[in-house]
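Here is the structure we will look at.
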Amino acid sequence: MSAPALTLDGLGVSFSGFKAVDGFSMVVNAGEVRVLLGANGAGKTTLMDLISGKTKSTAGEVRLFGRDITNLEEHHIAQAGVGRKFQIPSIFRDLSVRDNLVVACTRRPSVLSNLRVKRSADERQRFDEVVETVGLSGSLDRLAGALSHGETQWLELGMLIGQGAKVILLDEPTAGMTQGETMKTASLINTMRGSHTMLVVEHDMAFVREIASKITVMHLGKHLAEGSIASIEANEAVRNAYLGSGGIH
């Protein structure tokens with residue numbers, strides 16, 4: 001039996017004695033879309049920081065498909081297959097959409113060399129698959145800086161796919177999107193389900209309902225609850241800590 005995509009075992013970090021993440025454990029299987037919920041200050045972004053290497057943990061382990069990646073440098077964790085998408089996209093705004101995706105799909109250290117060197121058949125195939133997945137075939141010749149907010153998010157997600165990310169961390173991917181863009185993003189994530197593993201921090205419950213098969217709830221840095229939307233809605237501890245009496249909307 002193959003190892004889970006992402007295993008967090010007793011993960012923790014303290015800042016001046018304050019436990020921002022406190023003995024947190026979670027298992028995310030390959031191809032799963034897991035939504036991470038919690039009130040502001042629950043520790044969600046810090047947890048993402050620990051997984052991606054931006055912050056070094058003071059307790060516990062992070063394993064990627066069974067490999068211990070705890071406290072490796074960020075670029076080594078990225079090379080191992082963890083991709084992270086922040087609320088503010090990281091794209092080359094002065095390049096075309098096509099060139100952004102070429103850079104991502106061509107595994108060389110220099111941006112310019114990626115654009116100049118003839119791509120291999122595998123790189124061309126990866127490029128075509130990414131373009132089809134993120135639905136930007138009609139925008140390849142546009143400058144990335146001229147894209148709409150939603151299109152920019154999809155481009156960055158495409159770049160993570162092109163870079164070979166096996167586990168993708170998404171921090172509020174629909175923030176600032178129109179309703180139409182939000183639903184297209186849900187469709188995109190559902191298309192990627194199975195081929196990519198995703199951990200999604202999100203507050204938009206309509207979006208969560210579209211993508212979530214399992215939800216994990218954080219509270220004060222700890223693992224509070226886990227299960228389907230229905231089971232989370234019915235969980236009294238979750239309602240008391242986060243959702244209020246109205247449940248998930």
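Please note that chains go A, B, ... in the order of the structure tokens, that every chain numbers its residues from 1, and that ligands are numbered from 1 in the order shown.
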Show me, as JSON lines, the residues of range 94-197 of chain A having an atom within 12 Å of range 29-47 of chain A, each with the closest atom pair and its distance in Å, using only C-alpha atoms.
{"residue": "A:Lys166", "atom": "CA", "partner": "A:Ala30", "partner_atom": "CA", "distance": 8.7}
{"residue": "A:Val167", "atom": "CA", "partner": "A:Ala30", "partner_atom": "CA", "distance": 8.3}
{"residue": "A:Ile168", "atom": "CA", "partner": "A:Val33", "partner_atom": "CA", "distance": 9.5}
{"residue": "A:Leu169", "atom": "CA", "partner": "A:Arg34", "partner_atom": "CA", "distance": 9.8}
{"residue": "A:Leu170", "atom": "CA", "partner": "A:Val35", "partner_atom": "CA", "distance": 9.4}
{"residue": "A:Asp171", "atom": "CA", "partner": "A:Thr45", "partner_atom": "CA", "distance": 7.4}
{"residue": "A:Glu172", "atom": "CA", "partner": "A:Thr45", "partner_atom": "CA", "distance": 9.8}
{"residue": "A:Pro173", "atom": "CA", "partner": "A:Val35", "partner_atom": "CA", "distance": 11.5}
{"residue": "A:Ala186", "atom": "CA", "partner": "A:Val33", "partner_atom": "CA", "distance": 10.9}
{"residue": "A:Leu188", "atom": "CA", "partner": "A:Val33", "partner_atom": "CA", "distance": 11.8}
{"residue": "A:Ile189", "atom": "CA", "partner": "A:Val33", "partner_atom": "CA", "distance": 8.1}
{"residue": "A:Asn190", "atom": "CA", "partner": "A:Val33", "partner_atom": "CA", "distance": 8.2}
{"residue": "A:Thr191", "atom": "CA", "partner": "A:Val33", "partner_atom": "CA", "distance": 10.8}
{"residue": "A:Met192", "atom": "CA", "partner": "A:Gly31", "partner_atom": "CA", "distance": 8.1}
{"residue": "A:Arg193", "atom": "CA", "partner": "A:Gly31", "partner_atom": "CA", "distance": 5.5}
{"residue": "A:Gly194", "atom": "CA", "partner": "A:Gly31", "partner_atom": "CA", "distance": 3.7}
{"residue": "A:Ser195", "atom": "CA", "partner": "A:Gly31", "partner_atom": "CA", "distance": 5.4}
{"residue": "A:His196", "atom": "CA", "partner": "A:Gly31", "partner_atom": "CA", "distance": 4.9}
{"residue": "A:Thr197", "atom": "CA", "partner": "A:Gly31", "partner_atom": "CA", "distance": 4.3}
Output as a VMD selection string all residues of range 11-185 of chain A that backbone DSSP marks as helix (DSSP H, G or I). chain A and resid 44 to 52 74 to 80 97 to 105 111 to 116 121 to 134 137 to 139 144 to 146 149 to 162 179 to 185
For CA of Gly227 in chain A and CA of Ala175 in chain A, the interatomic separation in Å (one decimal):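 For CA of Gly227 in chain A relative to CA of Ala175 in chain A, the distance reads 24.2 Å.
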Give the answer as one residue: which of A:Asn240, A:Thr106, A:Thr70, A:Ser139 has the shortest atom-to-atom distance to Gln125 in chain A, using only C-alpha atoms?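 Result for the nearest residue to Gln125 in chain A: A:Thr106.
These are the residues of range 164-239 of chain A assigned strand (DSSP E or B) by DSSP from backbone coordinates: Val167, Ile168, Leu169, Leu170, Asp171, Arg193, His196, Thr197, Met198, Leu199, Val200, Val201, Lys214, Ile215, Thr216, Val217, Met218, His219, Lys222, His223, Leu224, Ala225, Glu226 and Gly227 of chain A.
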Computed interatomic separation between CA of His203 in chain A and CA of Leu6 in chain A (Å):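 That distance, rounded to one decimal, is 22.2 Å.
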